[in-house]
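Asker: Coordinates in input-v9.txt, compact mmCIF, C-alpha atoms, are listed below.
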# COMPACT_ATOMS: atom_id res chain seq x y z
CA MET I 1 57.85 47.96 -36.91
CA ILE I 2 61.13 48.00 -35.00
CA LYS I 3 63.35 51.09 -35.20
CA SER I 4 67.08 50.95 -35.94
CA ALA I 5 67.98 52.04 -32.40
CA GLN I 6 65.75 49.32 -30.91
CA ALA I 7 67.22 46.62 -33.15
CA LYS I 8 70.74 47.69 -32.23
CA LYS I 9 69.91 47.70 -28.53
CA LEU I 10 68.47 44.18 -28.74
CA ALA I 11 71.51 43.06 -30.72
CA LEU I 12 73.87 44.47 -28.07
CA ASN I 13 71.85 42.71 -25.37
CA LEU I 14 72.23 39.45 -27.30
CA LEU I 15 75.97 39.96 -27.70
CA SER I 16 76.50 41.09 -24.10
CA GLY I 17 78.72 38.52 -22.43
CA ASN I 18 79.19 36.78 -25.77
CA TRP I 19 81.54 39.17 -27.57
CA GLY I 20 84.62 36.98 -27.14
CA TRP I 21 82.73 33.94 -28.43
CA VAL I 22 81.27 35.65 -31.50
CA ILE I 23 84.55 37.41 -32.39
CA LEU I 24 86.37 34.06 -32.27
CA ILE I 25 83.70 32.57 -34.57
CA SER I 26 84.13 35.53 -36.91
CA LEU I 27 87.92 35.10 -36.81
CA VAL I 28 87.88 31.35 -37.54
CA THR I 29 85.36 31.87 -40.35
CA THR I 30 87.56 34.59 -41.87
CA LEU I 31 90.70 32.44 -41.61
CA PHE I 32 88.94 29.46 -43.17
CA ALA I 33 87.58 31.61 -46.00
CA THR I 34 91.05 33.11 -46.60
CA VAL I 35 92.71 29.67 -46.78
CA PHE I 36 89.97 28.40 -49.09
CA THR I 37 90.38 31.42 -51.37
CA PHE I 38 94.18 31.06 -51.42
CA LEU I 39 94.08 27.34 -52.26
CA THR I 40 91.38 27.70 -54.90
CA LEU I 41 92.98 30.61 -56.72
CA SER I 42 96.41 28.97 -56.55
CA ALA I 43 95.04 25.69 -57.92
CA THR I 44 93.43 27.46 -60.86
CA GLY I 45 96.51 29.50 -61.72
CA LEU I 46 95.35 32.75 -60.18
CA GLY I 47 98.01 33.20 -57.50
CA PHE I 48 97.08 35.09 -54.36
CA LEU I 49 99.60 37.33 -52.62
CA LEU I 50 98.40 38.50 -49.25
CA PRO I 51 97.84 41.39 -48.79
CA PHE I 52 98.75 42.56 -52.28
CA GLY I 53 96.07 40.77 -54.34
CA PHE I 54 96.45 38.57 -57.40
CA GLN I 55 99.49 37.25 -59.19
CA VAL I 56 98.34 35.65 -62.44
CA TYR I 57 100.69 32.91 -63.66
CA ASN I 58 98.43 30.59 -65.68
CA PRO I 59 99.02 31.26 -69.42
CA ILE I 60 95.28 30.99 -70.05
CA PHE I 61 94.82 34.21 -68.06
CA THR I 62 98.04 36.11 -68.71
CA GLY I 63 97.23 36.71 -72.36
CA PHE I 64 94.06 38.56 -71.34
CA THR I 65 92.12 36.81 -74.08
CA VAL I 66 88.34 36.92 -74.08
CA VAL I 67 88.16 33.30 -72.90
CA GLY I 68 90.77 33.89 -70.21
CA THR I 69 89.01 37.02 -68.95
CA ILE I 70 85.66 35.22 -68.80
CA LEU I 71 87.19 32.25 -66.97
CA MET I 72 88.91 34.56 -64.50
CA PHE I 73 85.63 36.35 -63.85
CA ILE I 74 83.73 33.06 -63.36
CA ILE I 75 86.35 31.64 -60.98
CA CYS I 76 86.44 34.80 -58.87
CA LEU I 77 82.62 34.88 -58.83
CA LEU I 78 82.41 31.25 -57.67
CA VAL I 79 85.02 31.79 -54.97
CA ASN I 80 83.21 34.90 -53.75
CA TRP I 81 79.89 33.01 -53.74
CA LEU I 82 81.28 30.09 -51.71
CA VAL I 83 83.00 32.47 -49.27
CA SER I 84 79.67 34.28 -48.79
CA ILE I 85 78.14 30.91 -47.82
CA LEU I 86 80.84 30.53 -45.15
CA GLY I 87 79.93 33.99 -43.86
CA ASN I 88 76.48 32.69 -43.00
CA SER I 89 78.09 30.65 -40.20
CA ILE I 90 78.10 33.78 -38.04
CA LEU I 91 74.39 34.29 -38.71
CA ILE I 92 73.58 30.65 -37.91
CA SER I 93 75.50 30.89 -34.63
CA LEU I 94 73.68 34.10 -33.67
CA PHE I 95 70.35 32.59 -34.66
CA LYS I 96 70.94 29.54 -32.44
CA LEU I 97 71.91 31.80 -29.54
CA ASP I 98 68.96 34.13 -29.97
CA GLN I 99 66.20 31.62 -30.72
CA TYR I 100 67.29 28.56 -28.76
CA ASP I 101 69.81 29.95 -26.24
CA GLU I 102 72.29 27.48 -27.75
CA LYS I 103 75.93 28.54 -27.77
CA LEU I 104 77.75 26.49 -30.39
CA PRO I 105 81.43 25.61 -29.83
CA VAL I 106 83.61 28.11 -31.71
CA VAL I 107 84.83 25.79 -34.47
CA ASN I 108 81.39 24.24 -34.93
CA GLY I 109 79.85 27.69 -35.10
CA ALA I 110 82.46 28.97 -37.55
CA LEU I 111 81.80 26.07 -39.92
CA SER I 112 78.07 25.65 -39.25
CA SER I 113 77.10 26.77 -42.76
CA LEU I 114 78.89 23.67 -44.08
CA ASP I 115 76.59 21.45 -42.02
CA GLY I 116 74.33 19.25 -44.11
CA ASP I 117 71.20 20.92 -42.73
CA TYR I 118 72.27 24.29 -44.12
CA PHE I 119 74.91 23.94 -46.83
CA ILE I 120 72.93 22.75 -49.86
CA PRO I 121 69.82 24.88 -49.11
CA LEU I 122 71.97 28.01 -48.64
CA LEU I 123 74.19 27.16 -51.60
CA LEU I 124 71.36 26.74 -54.10
CA THR I 125 69.08 29.44 -52.70
CA THR I 126 71.78 32.10 -52.73
CA LEU I 127 72.80 31.03 -56.24
CA ILE I 128 69.25 31.54 -57.54
CA LYS I 129 68.94 34.78 -55.55
CA HIS I 130 72.13 36.23 -57.03
CA ILE I 131 71.12 35.19 -60.54
CA TYR I 132 67.84 37.06 -60.12
CA ILE I 133 69.57 40.15 -58.71
CA THR I 134 72.19 40.11 -61.47
CA LEU I 135 69.47 39.96 -64.13
CA TRP I 136 67.74 42.95 -62.52
CA TYR I 137 71.05 44.84 -62.45
CA ILE I 138 71.50 44.13 -66.16
CA LEU I 139 68.22 45.93 -66.78
CA LEU I 140 69.00 48.97 -64.62
CA VAL I 141 70.95 49.72 -61.43
CA ILE I 142 67.99 51.03 -59.40
CA PRO I 143 65.78 47.95 -59.98
CA GLY I 144 68.79 45.81 -59.01
CA ILE I 145 69.19 47.65 -55.71
CA ILE I 146 65.45 47.41 -55.00
CA LYS I 147 65.40 43.67 -55.67
CA SER I 148 68.52 43.09 -53.59
CA TYR I 149 66.59 44.52 -50.65
CA ALA I 150 63.45 42.60 -51.56
CA TYR I 151 65.46 39.35 -51.38
CA SER I 152 67.57 40.39 -48.38
CA MET I 153 65.80 38.14 -45.86
CA THR I 154 66.27 34.98 -47.95
CA GLU I 155 69.17 33.58 -45.91
CA PHE I 156 67.37 34.38 -42.64
CA ILE I 157 64.32 32.43 -43.81
CA VAL I 158 66.38 29.42 -44.92
CA ILE I 159 68.31 29.33 -41.64
CA ASP I 160 65.10 29.80 -39.63
CA GLU I 161 63.28 26.95 -41.35
CA ARG I 162 66.24 24.56 -41.41
CA SER I 163 66.89 25.24 -37.70
CA LYS I 164 63.31 24.09 -37.06
CA GLY I 165 63.91 20.98 -39.15
CA ASN I 166 61.62 22.20 -41.93
CA GLN I 167 62.25 21.86 -45.64
CA ILE I 168 61.86 24.97 -47.78
CA GLY I 169 61.99 25.38 -51.53
CA TYR I 170 64.70 27.57 -52.98
CA ASN I 171 62.30 29.87 -54.80
CA GLU I 172 59.91 29.74 -51.85
CA ALA I 173 62.50 31.34 -49.55
CA ILE I 174 63.09 34.12 -52.07
CA SER I 175 59.34 34.68 -52.55
CA ARG I 176 58.75 34.82 -48.80
CA SER I 177 61.54 37.37 -48.43
CA ARG I 178 59.94 39.48 -51.15
CA ILE I 179 56.58 39.35 -49.35
CA LEU I 180 58.10 40.11 -45.92
CA MET I 181 60.02 43.08 -47.31
CA ARG I 182 57.03 44.59 -49.09
CA GLY I 183 56.79 48.16 -47.79
CA HIS I 184 59.98 47.81 -45.70
CA LYS I 185 62.79 48.07 -48.25
CA TRP I 186 63.41 51.77 -47.65
CA GLN I 187 63.40 51.20 -43.90
CA LEU I 188 66.03 48.47 -44.21
CA PHE I 189 68.09 50.71 -46.50
CA LEU I 190 68.11 53.44 -43.83
CA PHE I 191 68.84 50.77 -41.22
CA ASP I 192 71.92 49.64 -43.19
CA LEU I 193 72.93 53.26 -43.74
CA SER I 194 73.04 53.78 -39.97
CA PHE I 195 76.02 51.37 -39.90
CA ILE I 196 78.03 53.36 -42.43
CA GLY I 197 80.35 54.73 -39.75
CA TRP I 198 81.13 51.24 -38.49
CA PHE I 199 81.70 49.99 -42.04
CA ILE I 200 84.15 52.81 -42.73
CA LEU I 201 86.07 52.09 -39.52
CA ALA I 202 86.14 48.36 -40.33
CA GLY I 203 87.43 49.22 -43.79
CA ILE I 204 90.25 51.31 -42.34
CA PHE I 205 91.03 49.02 -39.41
CA GLY I 206 90.28 45.58 -40.84
CA ILE I 207 90.39 43.81 -37.48
CA LEU I 208 87.30 45.74 -36.36
CA ASP I 209 85.28 43.76 -38.91
CA LEU I 210 85.49 40.77 -36.57
CA GLY I 211 83.13 42.62 -34.22
CA VAL I 212 81.25 44.89 -36.64
CA ARG I 213 79.99 42.05 -38.82
CA PRO I 214 78.39 40.07 -35.93
CA TYR I 215 76.89 43.31 -34.56
CA PHE I 216 75.40 44.12 -37.97
CA LEU I 217 74.04 40.59 -38.46
CA ALA I 218 72.62 40.46 -34.91
CA SER I 219 70.84 43.76 -35.59
CA ARG I 220 69.48 42.52 -38.91
CA LEU I 221 68.28 39.40 -37.10
CA GLN I 222 66.17 41.63 -34.85
CA PHE I 223 64.81 43.36 -37.95
CA TYR I 224 63.87 39.96 -39.40
CA LYS I 225 62.09 38.94 -36.20
CA SER I 226 60.16 42.21 -36.26
CA LEU I 227 59.06 41.50 -39.84
CA LEU I 228 57.77 38.07 -38.79
CA GLU I 229 55.85 39.55 -35.86
CA GLN I 230 54.25 42.13 -38.11
CA ALA I 231 53.36 39.48 -40.69
CA ASP I 232 51.54 37.52 -38.00
Could you show the structure in this file as C-alpha cells?
Answerer:
Amino acid sequence: MIKSAQAKKLALNLLSGNWGWVILISLVTTLFATVFTFLTLSATGLGFLLPFGFQVYNPIFTGFTVVGTILMFIICLLVNWLVSILGNSILISLFKLDQYDEKLPVVNGALSSLDGDYFIPLLLTTLIKHIYITLWYILLVIPGIIKSYAYSMTEFIVIDERSKGNQIGYNEAISRSRILMRGHKWQLFLFDLSFIGWFILAGIFGILDLGVRPYFLASRLQFYKSLLEQAD
C-alpha cells in the first residue's frame, strides 16, 4: 500500500509543469461556485455579503420561526451540496491528466462536473452518500467519521467509471468504496492529517487554497490508484 510521502511525490510529479493550469481551473471553479451561491441565496431571500456572510431580509427567515430555521438550513445544505459537486471539476481534470494524459481547456475543466457524463451520477451518488453519513452521525459521531472514510472513494469511483464510458449504480459506487477502504480507513485518516499544515495555511491565506486543494486531490488520486492495484 502506498505511503503518504510516495503519494505526495507522485502528485507533485503529476502537477509539475501543470501548476498554472490547475490553479486557473481551481480559480474559475471557485468563482463560479461563489457566483452561484450569491445568486441562489439572494433569490431565496438569504442575502450574501462578501466577505461578511449572510444578510437575511426575507421575512420568512427573519422571525427565526421553526419553519424559517428549517428552510434556511435546507437551502444552505442544498447550496453547499451543489457547490461540492462543482468542486469535483478539479478532480475530473486531474483524473483526465493522470489517466489519459488529456489536458482539458481551463473553462471546460472548471465546469467538467456539469458535463452530462458526470453531473447526474455525481449529484445522486453524493446525495445518497451524504444521507448515509448523516444518519450514521445521528447515531454517534465516531461511527459517522468511520463511515465518511469508508465512503471517501465514492466520487473517485464514479469519475473513473464514467471516464471509461461505463455506467455505475449509485449504491454500487458507495459499496465499492466501502470494500476498497476496508482495512485502510485509518491509513487515509493519517494521510489526510499529514496535510493539516497546508489546510491551516490555506485557511489563513485563502488564496493558497487554489493550489492546496489540487495538490490534496492529486495525492488522494494516487491513494485511490494504490487501492485499485491492491484490490487486483
Asker: With a distance cut-off of 8 Å and only C-alpha atoms, select the neighbouring residues of Leu91 (chain I), excluding the residue or stretch itself and same-chain residues fewer than 3 positions from it, and output the selection as an MDAnalysis selection string.
Answerer: chainID I and resid 87:88 94:95 214 217:218
Asker: Which protein, DNA or RNA residues have an atom at most 7 Å from (83.0, 38.8, -37.1), counting all atoms listed in the file? List them as a PDB file with C-alpha atoms, in the coordinates of the input.
Answerer:
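Generated file (result-v4.pdb):
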ATOM      1  CA  VAL I  22      81.270  35.650 -31.500  1.00  0.00           C
ATOM      2  CA  ILE I  23      84.550  37.410 -32.390  1.00  0.00           C
ATOM      3  CA  ILE I  25      83.700  32.570 -34.570  1.00  0.00           C
ATOM      4  CA  SER I  26      84.130  35.530 -36.910  1.00  0.00           C
ATOM      5  CA  LEU I  27      87.920  35.100 -36.810  1.00  0.00           C
ATOM      6  CA  ASP I 209      85.280  43.760 -38.910  1.00  0.00           C
ATOM      7  CA  LEU I 210      85.490  40.770 -36.570  1.00  0.00           C
ATOM      8  CA  GLY I 211      83.130  42.620 -34.220  1.00  0.00           C
ATOM      9  CA  VAL I 212      81.250  44.890 -36.640  1.00  0.00           C
ATOM     10  CA  ARG I 213      79.990  42.050 -38.820  1.00  0.00           C
ATOM     11  CA  PRO I 214      78.390  40.070 -35.930  1.00  0.00           C
TER      12      PRO I 214
END
Asker: Looking at all atoms listed in the file, which of I:Ile174, I:Asp160, I:Arg220, I:Asn166 is the one that sits closest to Ser194 (chain I)?
Answerer: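 Smallest distance to Ser194 (chain I) is found for I:Arg220.
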Asker: Just the number, please: distance in Å from CA of Met153 (chain I) to CA of Ala173 (chain I), one decimal.
Answerer: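 According to the coordinates, CA of Met153 (chain I) and CA of Ala173 (chain I) are separated by 8.4 Å.
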Asker: My list of candidates is I:Glu102, I:Ala5, I:Lys147, I:Val28. Which is closest to Ser89 (chain I) when distances are computed with all atoms listed in the file?
Answerer: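 Looking only at the distances to Ser89 (chain I), the closest residue turns out to be I:Val28.
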Asker: Taking (85.9, 27.8, -54.1) in the file's own coordinates, collect the residues within 7 Å, counting all atoms listed in the file, and hand them back as an NGL selection string.
Answerer: :I and (36-37 or 40 or 78-79 or 82)
Asker: How about saving the chosen residues, C-alpha atoms kept, as a PDB file, in the frame of the given file?
Answerer:
ATOM      1  CA  PHE I  36      89.970  28.400 -49.090  1.00  0.00           C
ATOM      2  CA  THR I  37      90.380  31.420 -51.370  1.00  0.00           C
ATOM      3  CA  THR I  40      91.380  27.700 -54.900  1.00  0.00           C
ATOM      4  CA  LEU I  78      82.410  31.250 -57.670  1.00  0.00           C
ATOM      5  CA  VAL I  79      85.020  31.790 -54.970  1.00  0.00           C
ATOM      6  CA  LEU I  82      81.280  30.090 -51.710  1.00  0.00           C
TER       7      LEU I  82
END
Asker: Taking into account all atoms listed in the file, which residue in the set I:Glu172, I:Tyr149, I:Lys129, I:Gln167 is nearest to Gln187 (chain I)?
Answerer: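 Of the candidates, the smallest distance to Gln187 (chain I) is held by I:Tyr149.
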Asker: Rounded to one decimal in Å, what is the spacing between CA of Gly20 (chain I) and CA of Gly197 (chain I)?
Answerer: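 That distance, rounded to one decimal, is 22.2 Å.
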Asker: Between CA of Ser113 (chain I) and CA of Ile92 (chain I), what is the distance in Å, rounded to a tenth?
Answerer: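 CA of Ile92 (chain I) lies at a distance of 7.1 Å from CA of Ser113 (chain I).
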Asker: Between I:Gln222, I:Thr126, I:Asn18, I:Tyr215, which residue has the minimum interatomic distance to Leu188 (chain I), considering all atoms listed in the file?
Answerer: I:Gln222
Asker: When you look at region 131-140 of chain I with a cut-off of 12 Å (counting all atoms listed in the file), what residues show up, excluding the ones that are within fewer than 6 positions of it in the same chain? I need them as number ranges by chain.
Answerer: I: 77, 81, 124-125, 146-152, 171, 174-175
Asker: Rank I:Phe223, I:Trp198, I:Phe156, I:Tyr170 by their smallest atom-to-atom distance to Lys185 (chain I), using only C-alpha atoms, and report the top residue only.
Answerer: I:Phe223
